[in-house]
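**Student:** Before anything else, here's the structure in question.
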Amino acid sequence: MTQQQTLQLFLPILILVPVLYLRMRRMSRAQPLKLGRLWIRPALILGVAALVLLAPQPGHHAVRHFLAQDWAWLTLAAGLGGIAGWYWGRTMAIEVHPEDGTLMVTGGQAAILVMVVLILFRMGLRTGLAVEARAWHLDVLLISDALIVFTAGLFSLRSVEMYLRAKRVMEAAA
């Protein structure tokens with residue numbers, strides 16, 4: 001392994017470990033949950049995902065046309081992302097603050113575990129595809145698009161689940 005390959009492998013890890021540690025510390029404390037703003041992140045992610053999928057790729061002047069088989073893979077990725085997002089949202093503890101009546105959310109360790117698994121999977125997939133994509137006749141662009149769709153489904157359904165549950169918690173507290 002050359003020095004550049006070693007750096008490409010370990011630099012993301014050196015950056016991600018402190019970021020994930022700080023994120024885990026922040027998620028383990030209760031924070032206010034603003035129901036009116038819960039739609040913003042999924043809307044941005046869905047918009048960017050649509051832009052990435054539908055915009056012409058660098059070096060090409062035409063929009064990429066997906067085959068029926070490509071749409072099937074993208075649908076599967078969206079479904080799996082939605083399922084993972086729904087369960088991730090369920091790991092978030094939502095309660096009403098007893099003093100001021102605001103919603104509070106606390107992330108679980110399972111949420112961090114999901115994030116770590118996704119990051120490691122992406123790193124492993126990128127490394128494996130760089131080595132074996134041609135031998136296995138894989139469409140790297142389709143796999144990248146599927147990961148984008150998976151992420152969009154993940155964050156969108158996480159927010160939907162949290163919104164529905166937060167509404168129920170507010171109604172029960174009233």
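The chains in the structure tokens are called A, B, ... from first to last as shown; in each chain the residues are counted from 1, and the ligands are counted from 1 in the order shown.
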Name the residues in contact with Met162 of chain A at a cut-off of 9 Å, using only C-alpha atoms, excluding same-chain residues fewer than 6 positions from it; report them as an NGL selection string.
**Tutor:** :A and (35 or 38 or 86 or 89-90 or 92 or 94)
**Student:** Restricting the calculation to only C-alpha atoms, which member of A:Ala152, A:Leu157, A:Ala173, A:Arg168 is positioned closest to Gly47 of chain A?
**Tutor:** A:Ala152
**Student:** So how many Å separate atom CA of Arg64 of chain A and atom CA of Gly82 of chain A, to one decimal?
**Tutor:**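 Computed distance, atom CA of Arg64 of chain A to atom CA of Gly82 of chain A, equals 24.4 Å.
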**Student:** Of the residues A:Met24, A:Met170, A:Ile13, A:Ala146, which is the one nearest to Leu80 of chain A, using only C-alpha atoms?
**Tutor:** A:Ala146
**Student:** Smallest atom-to-atom distance to Leu33 of chain A: which of A:Glu171, A:Leu164, A:Ser159, A:Met104, using only C-alpha atoms?
**Tutor:**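 Between A:Glu171, A:Leu164, A:Ser159, A:Met104, the residue approaching Leu33 of chain A most closely is A:Met104.
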**Student:** Would you kindly return, as a list in words, each protein, DNA or RNA residue with an atom no farther than 9 Å from any atom of Gly81 of chain A, considering only C-alpha atoms and excluding same-chain residues fewer than 6 positions away?
**Tutor:**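 Listed by chain and then number, they are Leu147, Val149, Phe150, Thr151, Ala152, Gly153, Leu154, Phe155, Ser156 and Leu157 of chain A.
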**Student:** What is the atom CA of Ala50 of chain A to atom CA of Glu161 of chain A distance in Å?
**Tutor:**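 One can read the atom CA of Ala50 of chain A to atom CA of Glu161 of chain A distance as 21.9 Å.
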**Student:** Using DSSP on the backbone coordinates, identify all residues within segment 2-174 of chain A classified as alpha helix (DSSP H); present the result as a VMD selection string.
**Tutor:** chain A and resid 3 to 27 40 to 54 68 to 90 109 to 136 140 to 173
**Student:** In Å, with one decimal, what is the gap from atom CA of Leu20 of chain A to atom CA of Ile40 of chain A?
**Tutor:**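 These two atoms are separated by 22.5 Å.
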**Student:** Kindly indicate which residue among A:Pro32, A:Arg37, A:Leu142, A:Val48 lies nearest to Thr75 of chain A, using only C-alpha atoms for the distances.
**Tutor:**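 Nearest candidate to Thr75 of chain A out of A:Pro32, A:Arg37, A:Leu142, A:Val48: A:Leu142.
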